[in-house]
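A.B. asks: Input entry31.cif, format and content: mmCIF, C-alpha atoms and all ligand atoms.
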data_upload
#
loop_
_atom_site.label_atom_id
_atom_site.label_comp_id
_atom_site.auth_asym_id
_atom_site.auth_seq_id
_atom_site.Cartn_x
_atom_site.Cartn_y
_atom_site.Cartn_z
CA MET M 1 15.05 16.84 -3.57
CA ALA M 2 16.47 13.83 -1.73
CA LEU M 3 14.22 11.09 -0.34
CA VAL M 4 12.06 12.46 2.48
CA THR M 5 10.31 10.96 5.50
CA THR M 6 6.52 10.93 5.58
CA THR M 7 6.24 13.51 8.38
CA GLU M 8 5.57 16.59 6.25
CA MET M 9 3.54 14.60 3.70
CA PHE M 10 1.19 13.31 6.40
CA LYS M 11 0.83 16.69 8.10
CA LYS M 12 -0.32 18.28 4.85
CA ALA M 13 -2.45 15.29 3.85
CA TYR M 14 -4.21 15.26 7.23
CA SER M 15 -5.13 18.94 7.11
CA GLY M 16 -5.85 18.86 3.38
CA GLY M 17 -8.24 15.89 3.49
CA TYR M 18 -6.30 13.70 1.08
CA ALA M 19 -4.00 10.66 1.32
CA ILE M 20 -0.61 9.69 -0.03
CA GLY M 21 -0.49 6.56 -2.18
CA ALA M 22 1.95 3.90 -1.00
CA PHE M 23 2.70 1.65 -3.95
CA ASN M 24 4.75 -1.54 -3.79
CA VAL M 25 7.81 -1.70 -6.02
CA ASN M 26 9.52 -4.83 -7.28
CA ASN M 27 11.29 -3.87 -10.51
CA MET M 28 12.28 -0.99 -12.76
CA GLU M 29 9.06 -0.80 -14.77
CA ILE M 30 6.97 -0.53 -11.61
CA VAL M 31 9.21 2.20 -10.13
CA GLN M 32 9.10 4.11 -13.41
CA GLY M 33 5.35 3.76 -13.92
CA ILE M 34 4.54 4.99 -10.40
CA THR M 35 6.98 7.89 -10.33
CA GLU M 36 6.17 9.07 -13.86
CA ALA M 37 2.53 9.36 -12.79
CA ALA M 38 3.51 11.17 -9.56
CA GLY M 39 5.70 13.52 -11.61
CA GLU M 40 3.02 14.22 -14.20
CA PHE M 41 0.35 14.93 -11.58
CA ASN M 42 2.68 16.68 -9.16
CA SER M 43 1.87 14.32 -6.31
CA PRO M 44 3.93 13.20 -3.32
CA VAL M 45 4.35 9.43 -3.28
CA ILE M 46 5.55 6.57 -1.08
CA LEU M 47 7.45 3.71 -2.71
CA GLN M 48 7.29 0.67 -0.50
CA VAL M 49 9.34 -2.51 -0.48
CA SER M 50 8.20 -5.74 1.12
CA LYS M 51 10.41 -8.51 2.48
CA GLY M 52 9.40 -10.48 -0.62
CA ALA M 53 10.44 -7.61 -2.90
CA ARG M 54 13.86 -7.51 -1.24
CA ALA M 55 14.19 -11.26 -1.71
CA TYR M 56 13.14 -10.96 -5.37
CA ALA M 57 15.01 -7.88 -6.54
CA ASN M 58 17.71 -7.36 -3.88
CA HIS M 59 17.79 -4.41 -1.46
CA THR M 60 20.52 -2.52 -3.32
CA TYR M 61 18.85 -2.75 -6.72
CA LEU M 62 15.60 -1.42 -5.30
CA VAL M 63 17.28 1.46 -3.45
CA LYS M 64 19.23 2.43 -6.58
CA LEU M 65 16.08 2.29 -8.75
CA VAL M 66 14.31 4.57 -6.30
CA GLU M 67 17.30 6.91 -6.17
CA ALA M 68 17.16 7.11 -9.98
CA ALA M 69 13.46 8.00 -9.78
CA VAL M 70 14.25 10.76 -7.27
CA GLN M 71 16.88 12.14 -9.63
CA GLU M 72 14.44 12.05 -12.56
CA ASN M 73 11.68 13.77 -10.53
CA PRO M 74 13.53 16.33 -8.41
CA ASP M 75 10.40 18.27 -7.41
CA ILE M 76 8.37 15.31 -6.14
CA PRO M 77 8.55 14.39 -2.42
CA MET M 78 9.19 10.64 -2.30
CA ALA M 79 9.59 8.36 0.69
CA LEU M 80 11.15 4.89 0.60
CA HIS M 81 9.32 2.66 3.04
CA LEU M 82 9.67 -0.90 4.32
CA ASP M 83 6.30 -2.65 4.03
CA HIS M 84 5.42 -5.20 6.74
CA GLY M 85 8.79 -5.46 8.45
CA ASP M 86 8.37 -8.42 10.79
CA SER M 87 11.43 -8.02 13.03
CA PHE M 88 13.74 -5.42 14.52
CA GLU M 89 16.54 -6.81 12.34
CA ILE M 90 14.84 -6.21 8.97
CA CYS M 91 13.81 -2.70 10.07
CA LYS M 92 17.39 -1.94 11.17
CA SER M 93 18.74 -3.24 7.89
CA CYS M 94 16.43 -0.91 5.92
CA ILE M 95 17.11 2.06 8.23
CA ASP M 96 20.86 1.50 7.81
CA GLY M 97 20.35 0.91 4.08
CA GLY M 98 18.77 4.21 3.01
CA PHE M 99 15.04 3.86 3.73
CA THR M 100 13.29 6.93 5.19
CA SER M 101 10.37 5.03 6.73
CA VAL M 102 9.76 1.52 8.04
CA MET M 103 6.76 -0.48 9.10
CA ILE M 104 7.14 -2.84 12.02
CA ASP M 105 4.23 -5.23 11.82
CA CYS M 106 3.81 -7.25 15.00
CA SER M 107 0.04 -7.03 14.73
CA SER M 108 -0.37 -10.79 14.99
CA MET M 109 1.49 -10.84 18.33
CA PRO M 110 0.02 -10.19 21.77
CA PHE M 111 -0.37 -6.47 22.60
CA GLU M 112 2.59 -6.31 25.00
CA ASP M 113 4.97 -7.96 22.50
CA ASN M 114 3.75 -5.63 19.76
CA VAL M 115 4.45 -2.63 22.05
CA LYS M 116 7.90 -3.93 23.01
CA ILE M 117 9.22 -4.62 19.50
CA THR M 118 7.59 -1.52 17.99
CA LYS M 119 9.22 0.67 20.68
CA GLN M 120 12.61 -0.93 20.00
CA VAL M 121 12.25 -0.10 16.28
CA VAL M 122 11.01 3.44 17.01
CA ASP M 123 13.99 4.17 19.27
CA TYR M 124 16.47 3.02 16.64
CA ALA M 125 14.62 4.66 13.73
CA HIS M 126 14.21 8.04 15.43
CA ASP M 127 17.91 8.08 16.36
CA HIS M 128 18.56 7.76 12.61
CA GLY M 129 15.99 10.28 11.32
CA VAL M 130 13.60 7.57 10.09
CA VAL M 131 9.86 7.34 10.83
CA VAL M 132 7.88 4.26 11.88
CA GLU M 133 4.47 2.86 10.98
CA ALA M 134 3.04 0.22 13.32
CA GLU M 135 -0.14 -1.85 13.24
CA LEU M 136 -2.96 -2.83 15.57
CA GLY M 137 -5.53 -5.37 14.41
CA THR M 138 -5.04 -7.96 11.66
CA LEU M 139 -6.18 -8.01 8.04
CA ALA M 140 -7.30 -11.09 6.15
CA GLY M 141 -5.30 -12.11 3.08
CA VAL M 142 -1.70 -12.88 2.26
CA GLU M 143 1.34 -10.72 2.97
CA ASP M 144 4.79 -12.22 2.49
CA GLU M 145 4.57 -15.71 4.03
CA VAL M 146 1.77 -14.82 6.45
CA SER M 147 -1.70 -15.87 5.34
CA VAL M 148 -4.77 -14.98 7.39
CA GLU M 149 -8.00 -16.79 6.56
CA HIS M 150 -11.18 -14.76 6.10
CA GLY M 151 -12.94 -14.97 9.44
CA SER M 152 -9.66 -15.01 11.40
CA GLU M 153 -8.92 -11.32 10.85
CA SER M 154 -9.63 -8.99 13.76
CA TYR M 155 -10.66 -5.36 13.67
CA THR M 156 -8.60 -2.83 15.58
CA HIS M 157 -9.88 -2.17 19.10
CA PRO M 158 -10.12 1.64 19.38
CA ASP M 159 -9.65 1.43 23.16
CA GLU M 160 -6.05 0.21 22.58
CA VAL M 161 -4.81 2.82 20.12
CA GLU M 162 -4.01 5.66 22.51
CA GLU M 163 -1.97 3.52 24.88
CA PHE M 164 -0.20 1.85 21.95
CA VAL M 165 0.81 5.11 20.27
CA THR M 166 1.85 6.74 23.56
CA ARG M 167 3.94 3.79 24.71
CA THR M 168 5.63 3.08 21.38
CA GLY M 169 6.09 6.61 19.99
CA CYS M 170 5.22 5.36 16.49
CA ASP M 171 4.62 8.00 13.81
CA SER M 172 1.59 6.47 12.09
CA LEU M 173 -0.76 3.57 12.77
CA ALA M 174 -2.23 0.99 10.41
CA ILE M 175 -5.65 -0.17 11.52
CA ALA M 176 -7.96 -2.98 10.47
CA ILE M 177 -11.45 -1.83 9.44
CA GLY M 178 -12.34 -4.48 6.88
CA THR M 179 -9.77 -4.08 4.11
CA SER M 180 -7.63 -7.10 3.28
CA HIS M 181 -4.61 -8.00 1.19
CA GLY M 182 -4.74 -9.44 -2.31
CA ALA M 183 -7.27 -9.59 -5.14
CA TYR M 184 -9.86 -11.65 -3.25
CA LYS M 185 -10.76 -9.39 -0.37
CA PHE M 186 -14.07 -10.92 0.52
CA LYS M 187 -15.60 -14.37 0.32
CA ALA M 188 -18.64 -14.55 -1.94
CA SER M 189 -20.68 -15.42 1.17
CA GLN M 190 -19.79 -12.01 2.72
CA CYS M 191 -21.09 -10.14 -0.35
CA THR M 192 -24.23 -9.56 -2.32
CA ARG M 193 -24.30 -9.63 -6.15
CA ASN M 194 -25.43 -6.82 -8.45
CA GLU M 195 -27.58 -7.38 -11.54
CA GLU M 196 -24.46 -8.22 -13.64
CA GLY M 197 -23.49 -10.91 -11.16
CA ILE M 198 -20.54 -8.90 -9.82
CA LEU M 199 -19.88 -9.20 -6.09
CA VAL M 200 -20.70 -6.18 -3.94
CA PRO M 201 -18.62 -6.15 -0.74
CA PRO M 202 -19.76 -5.28 2.78
CA PRO M 203 -18.89 -1.68 3.79
CA LEU M 204 -15.73 -0.81 5.69
CA ARG M 205 -16.09 -0.19 9.43
CA PHE M 206 -16.01 3.59 9.40
CA ASP M 207 -17.33 3.53 12.96
CA ILE M 208 -14.01 2.00 14.08
CA LEU M 209 -12.02 4.53 12.06
CA GLU M 210 -13.99 7.41 13.56
CA GLU M 211 -13.50 6.10 17.09
CA CYS M 212 -9.73 5.80 16.45
CA ILE M 213 -9.68 9.38 15.16
CA ARG M 214 -11.52 10.57 18.27
CA ARG M 215 -8.92 8.92 20.48
CA LEU M 216 -5.93 10.03 18.37
CA PRO M 217 -6.78 13.50 17.11
CA GLY M 218 -4.37 14.71 14.42
CA PHE M 219 -2.58 11.36 14.21
CA PRO M 220 -1.98 9.81 10.74
CA ILE M 221 -3.85 6.57 10.10
CA VAL M 222 -2.81 4.03 7.45
CA LEU M 223 -4.97 1.64 5.44
CA HIS M 224 -3.43 -1.52 4.06
CA GLY M 225 -5.15 -3.82 1.61
CA SER M 226 -6.68 -0.94 -0.32
CA SER M 227 -6.69 -2.12 -3.90
CA SER M 228 -10.03 -1.79 -5.65
CA VAL M 229 -9.47 -4.68 -8.09
CA PRO M 230 -11.07 -2.88 -11.07
CA GLN M 231 -13.38 -5.31 -12.84
CA GLU M 232 -12.33 -4.16 -16.33
CA PHE M 233 -8.84 -5.57 -15.64
CA VAL M 234 -10.19 -8.78 -14.12
CA LYS M 235 -12.22 -9.19 -17.31
CA ILE M 236 -9.13 -8.76 -19.52
CA VAL M 237 -7.18 -11.30 -17.46
CA ASN M 238 -10.03 -13.80 -17.75
CA GLN M 239 -10.55 -13.07 -21.46
CA TYR M 240 -6.90 -13.77 -22.28
CA GLY M 241 -6.36 -17.11 -20.57
CA GLY M 242 -6.34 -16.08 -16.91
CA ASN M 243 -8.56 -17.37 -14.17
CA MET M 244 -9.53 -14.91 -11.45
CA PRO M 245 -13.10 -15.77 -10.52
CA ASP M 246 -14.78 -13.48 -8.00
CA ALA M 247 -11.74 -11.22 -7.58
CA ILE M 248 -12.99 -8.23 -5.61
CA GLY M 249 -11.59 -5.12 -3.94
CA ILE M 250 -12.49 -2.07 -1.89
CA PRO M 251 -14.85 0.41 -3.62
CA GLU M 252 -13.02 3.60 -4.55
CA ALA M 253 -15.68 5.83 -2.98
CA GLU M 254 -14.94 4.31 0.44
CA LEU M 255 -11.22 4.95 0.05
CA ARG M 256 -11.89 8.51 -1.05
CA HIS M 257 -13.99 9.01 2.09
CA ALA M 258 -11.24 7.53 4.29
CA ALA M 259 -8.72 9.89 2.67
CA GLU M 260 -10.92 12.86 3.56
CA LEU M 261 -10.79 11.69 7.20
CA ALA M 262 -7.54 10.90 9.05
CA VAL M 263 -6.24 8.27 6.63
CA CYS M 264 -2.99 9.74 5.31
CA LYS M 265 -1.48 6.64 3.65
CA ILE M 266 -3.32 4.18 1.42
CA ASN M 267 -1.48 0.99 0.39
CA ILE M 268 -1.94 -0.33 -3.13
CA ASP M 269 -0.14 -3.29 -4.63
CA SER M 270 -2.65 -5.75 -6.12
CA ASP M 271 -4.09 -3.18 -8.57
CA ILE M 272 -0.61 -2.64 -10.03
CA ARG M 273 -0.10 -6.39 -10.37
CA LEU M 274 -3.50 -6.72 -12.01
CA ALA M 275 -2.90 -3.86 -14.46
CA MET M 276 0.45 -5.32 -15.52
CA THR M 277 -0.82 -8.88 -15.82
CA ALA M 278 -3.92 -7.91 -17.80
CA THR M 279 -1.82 -5.81 -20.16
CA ILE M 280 0.83 -8.47 -20.70
CA ARG M 281 -1.73 -11.26 -21.19
CA LYS M 282 -3.54 -9.21 -23.83
CA TYR M 283 -0.30 -8.21 -25.52
CA MET M 284 0.98 -11.79 -25.66
CA ALA M 285 -2.31 -13.07 -27.09
CA GLU M 286 -2.35 -10.36 -29.75
CA HIS M 287 1.36 -10.65 -30.65
CA PRO M 288 2.22 -14.35 -30.50
CA ASP M 289 5.36 -13.76 -32.58
CA HIS M 290 6.91 -11.15 -30.25
CA PHE M 291 9.63 -12.24 -27.86
CA ASP M 292 11.52 -9.05 -26.96
CA PRO M 293 10.58 -8.32 -23.29
CA ARG M 294 10.67 -4.59 -24.02
CA GLN M 295 7.71 -5.03 -26.34
CA TYR M 296 5.35 -6.21 -23.61
CA LEU M 297 6.98 -4.47 -20.64
CA LYS M 298 6.50 -1.07 -22.28
CA PRO M 299 2.68 -1.25 -22.31
CA ALA M 300 2.82 -2.91 -18.86
CA ARG M 301 4.77 0.08 -17.52
CA GLN M 302 2.25 2.41 -19.14
CA ALA M 303 -0.56 0.44 -17.45
CA VAL M 304 1.12 0.99 -14.06
CA LYS M 305 1.41 4.70 -14.81
CA ASP M 306 -2.25 4.96 -15.87
CA MET M 307 -3.39 3.06 -12.77
CA VAL M 308 -1.38 5.28 -10.42
CA ALA M 309 -2.50 8.44 -12.25
CA HIS M 310 -6.10 7.32 -11.76
CA LYS M 311 -5.54 6.71 -8.03
CA ILE M 312 -3.82 10.07 -7.54
CA GLN M 313 -6.61 11.99 -9.24
CA ASN M 314 -9.74 10.05 -8.31
CA VAL M 315 -9.03 8.16 -5.08
CA LEU M 316 -6.20 9.75 -3.10
CA GLY M 317 -6.81 13.39 -3.98
CA SER M 318 -3.04 14.04 -3.94
CA ALA M 319 -2.70 15.65 -7.40
CA GLY M 320 -0.97 19.02 -7.23
CA LYS M 321 0.11 18.52 -3.59
CA ALA M 322 3.85 17.97 -4.18
O1 LIG M 401 0.98 -6.57 1.83
C1 LIG M 401 1.57 -7.20 0.99
C2 LIG M 401 2.06 -6.53 -0.25
O2 LIG M 401 1.10 -6.63 -1.27
C3 LIG M 401 3.39 -7.08 -0.63
O3 LIG M 401 3.25 -8.35 -1.15
O4 LIG M 401 4.87 -9.67 0.17
O5 LIG M 401 4.05 -10.49 -2.05
O6 LIG M 401 5.63 -8.56 -1.92
P1 LIG M 401 4.53 -9.34 -1.24
P1 LIG M 402 -3.50 -4.67 -1.72
O1 LIG M 402 -3.26 -6.14 -1.79
O2 LIG M 402 -4.94 -4.36 -1.50
O3 LIG M 402 -2.96 -3.94 -2.90
O4 LIG M 402 -2.73 -4.11 -0.42
C1 LIG M 402 -1.36 -3.83 -0.46
C2 LIG M 402 -0.79 -3.60 0.88
O5 LIG M 402 -1.46 -3.42 1.87
C3 LIG M 402 0.67 -3.56 0.97
O6 LIG M 402 1.10 -3.44 2.29
ZN ZN M 403 -0.15 -4.38 3.72
#
What does the file become when written as structure tokens?
Ligand code: G3H
Ligand code: 13P
Ligand code: ZN
C.D. replies:
Amino acid sequence: MALVTTTEMFKKAYSGGYAIGAFNVNNMEIVQGITEAAGEFNSPVILQVSKGARAYANHTYLVKLVEAAVQENPDIPMALHLDHGDSFEICKSCIDGGFTSVMIDCSSMPFEDNVKITKQVVDYAHDHGVVVEAELGTLAGVEDEVSVEHGSESYTHPDEVEEFVTRTGCDSLAIAIGTSHGAYKFKASQCTRNEEGILVPPPLRFDILEECIRRLPGFPIVLHGSSSVPQEFVKIVNQYGGNMPDAIGIPEAELRHAAELAVCKINIDSDIRLAMTATIRKYMAEHPDHFDPRQYLKPARQAVKDMVAHKIQNVLGSAGKA
């Protein structure tokens, strides 16, 4: 199977009450870890590339790595997606360069500008058989060079979603309901603490999600900033010389619930970073004499695979849906 768009994936995910994982890729080990898990659990998957990933690894290298993964997993539907495209030009470059899906993220712009640029991308993308994700509302956290302070994020206004989707023709919509990018999704002051002193975050705004669903029946919704920042990995990082105090993510049960509703795409990057970093830190501490990168990248790749396998089975519900 060649790379596919997300159209069929989302249709089945919507009616089946599950979501497709969209995992960020930056190098070979990450591509392999994700797609080996998708292959083993027979799950469709979205591999997404940020502007920063293109700057780090180069567009061509990333496309070729993903093409290799497609060849190695011929029965798995895979989409190659641009994450947080911030201009028509970067979207065009990815559409022309082999991507099957792009995100145009003008969510920090005024509504009319967001509509205008999104529509321009949609027109070009649809002419080339590519689908488009757009965004309304802003998340806190860091994505590429854009950093939004906690408190400056804004939830999606459900009364805007119908007009936005109708006027732009976008294929899916990312909304802001309280998730945020990175490994520090909430300030300690927004949370309570459990008896072990671990932060407990405020719940996502399912009321906003439900209102968006009511206004856009059958339309695929996307959640960004959906890493759960598993505390066992934070502990390993901290135990082996790292320093990630109060790192906190979105509880898996909330993501599972969102996947049962209209959320068809769940974005996960930080959990992969955390799994790799924890594994490499531990490996380095336990093998101070090793210096062959394959020695520590092999368990790191396995950690990516295990993390993605866990998400597919226990969070997304996409196992067996390829
Ligand atoms: O939303 C942001 C993603 O985690 C990508 O991060 O821009 O550092 O590659 P990046
Ligand atoms: P996390 O930082 O929660 O993994 O979110 C990733 C993301 O939204 C990529 O677009
Ligand atoms: Zn994102």
A.B. asks: Return as a ChimeraX atom specification every polymer residue, whether protein, DNA or RNA, with at least one atom no more than 10 Å from an atom of ligand LIG 402 (chain M); count all atoms listed in the file.
C.D. replies: /M:22-24,48-50,82-84,103,139,141-144,174,179-185,222-229,248-250,266-274
A.B. asks: Measuring between all atoms listed in the file, which one of M:Cys106, M:Ala140, M:Ile117, M:Ile20 shows the shortest distance to ligand LIG 401 (chain M)?
C.D. replies: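 For ligand LIG 401 (chain M), the nearest of the given residues is M:Ala140.
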A.B. asks: So how far away is CA of Ser107 in chain M from CA of Asp171 in chain M, in Å?
C.D. replies: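 Taking CA of Asp171 in chain M as the start and CA of Ser107 in chain M as the end point, the length is 15.7 Å.
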A.B. asks: Do you know which residues are at most 7 Å from range 86-99 of chain M counting all atoms listed in the file, after dropping those on the same chain fewer than 5 positions away, and could you put them as a ChimeraX atom specification?
C.D. replies: /M:80-81,104-106,117,121,125,130
A.B. asks: Rounded to one decimal, what separation in Å do you get between CA of Met1 in chain M and CA of Asp75 in chain M?
C.D. replies: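 Going from CA of Met1 in chain M over to CA of Asp75 in chain M covers 6.2 Å.
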A.B. asks: Between CA of Cys170 in chain M and CA of His128 in chain M, what is the spacing in Å?
C.D. replies: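 Calculated distance between CA of His128 in chain M and CA of Cys170 in chain M is 14.1 Å.
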A.B. asks: For a quick check of understanding, using only C-alpha atoms and all ligand atoms, which of M:Glu135, M:Thr156, M:Tyr283, M:Ala322 has the smallest distance to ligand ZN 403 (chain M)?
C.D. replies: M:Glu135
A.B. asks: For ligand ZN 403 (chain M), which residue among M:Glu112, M:Glu72, M:Glu133, M:Glu196 is the nearest when counting all atoms listed in the file?
C.D. replies: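 So, comparing all the options, the nearest one is M:Glu133.
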A.B. asks: Calculated over all atoms listed in the file, which of the candidates M:Ala303, M:Ala2, M:Ile175, M:Ala309 has the smallest distance to ligand ZN 403 (chain M)?
C.D. replies: M:Ile175
A.B. asks: Set the distance at 7 Å and use only C-alpha atoms: which residues neighbour Ser43 in chain M once local chain neighbours fewer than 3 positions away are removed? I'd like the list as JSON, numbers by chain.
C.D. replies: {"M": [38, 39, 76, 318, 319, 320, 321, 322]}
A.B. asks: Using C-alpha atoms, can you write the selected residues to a file as a PDB file, in the coordinates of the input?
C.D. replies:
ATOM      1  CA  ALA M  38       3.510  11.170  -9.560  1.00  0.00           C
ATOM      2  CA  GLY M  39       5.700  13.520 -11.610  1.00  0.00           C
ATOM      3  CA  ILE M  76       8.370  15.310  -6.140  1.00  0.00           C
ATOM      4  CA  SER M 318      -3.040  14.040  -3.940  1.00  0.00           C
ATOM      5  CA  ALA M 319      -2.700  15.650  -7.400  1.00  0.00           C
ATOM      6  CA  GLY M 320      -0.970  19.020  -7.230  1.00  0.00           C
ATOM      7  CA  LYS M 321       0.110  18.520  -3.590  1.00  0.00           C
ATOM      8  CA  ALA M 322       3.850  17.970  -4.180  1.00  0.00           C
TER       9      ALA M 322
END
A.B. asks: Is there a way to complete range 115-131 of chain M with N, CA and C atoms and then write that out as a short mmCIF file (atom, residue, chain, number, x, y, z; two decimals), in the coordinates of the input?
C.D. replies:
data_model
loop_
_atom_site.label_atom_id
_atom_site.label_comp_id
_atom_site.auth_asym_id
_atom_site.auth_seq_id
_atom_site.Cartn_x
_atom_site.Cartn_y
_atom_site.Cartn_z
N VAL M 115 3.94 -3.89 21.47
CA VAL M 115 4.45 -2.63 22.05
C VAL M 115 5.97 -2.70 22.17
N LYS M 116 6.46 -3.81 22.71
CA LYS M 116 7.90 -3.93 23.01
C LYS M 116 8.76 -3.83 21.75
N ILE M 117 8.39 -4.61 20.72
CA ILE M 117 9.22 -4.62 19.50
C ILE M 117 9.05 -3.31 18.73
N THR M 118 7.81 -2.80 18.69
CA THR M 118 7.59 -1.52 17.99
C THR M 118 8.43 -0.42 18.63
N LYS M 119 8.45 -0.38 19.97
CA LYS M 119 9.22 0.67 20.68
C LYS M 119 10.71 0.53 20.38
N GLN M 120 11.18 -0.70 20.31
CA GLN M 120 12.61 -0.93 20.00
C GLN M 120 12.95 -0.37 18.62
N VAL M 121 12.03 -0.61 17.65
CA VAL M 121 12.25 -0.10 16.28
C VAL M 121 12.17 1.43 16.27
N VAL M 122 11.18 1.97 16.98
CA VAL M 122 11.01 3.44 17.01
C VAL M 122 12.27 4.10 17.57
N ASP M 123 12.79 3.55 18.65
CA ASP M 123 13.99 4.17 19.27
C ASP M 123 15.15 4.20 18.28
N TYR M 124 15.36 3.08 17.61
CA TYR M 124 16.47 3.02 16.64
C TYR M 124 16.20 3.94 15.44
N ALA M 125 14.98 3.87 14.92
CA ALA M 125 14.62 4.66 13.73
C ALA M 125 14.76 6.16 14.02
N HIS M 126 14.19 6.61 15.13
CA HIS M 126 14.21 8.04 15.43
C HIS M 126 15.64 8.55 15.64
N ASP M 127 16.48 7.70 16.21
CA ASP M 127 17.91 8.08 16.36
C ASP M 127 18.57 8.28 15.01
N HIS M 128 17.97 7.69 13.95
CA HIS M 128 18.56 7.76 12.61
C HIS M 128 17.72 8.59 11.64
N GLY M 129 16.78 9.37 12.17
CA GLY M 129 15.99 10.28 11.32
C GLY M 129 14.96 9.57 10.46
N VAL M 130 14.55 8.37 10.88
CA VAL M 130 13.60 7.57 10.09
C VAL M 130 12.29 7.45 10.88
N VAL M 131 11.17 7.42 10.17
CA VAL M 131 9.86 7.34 10.83
C VAL M 131 9.32 5.90 10.81
#
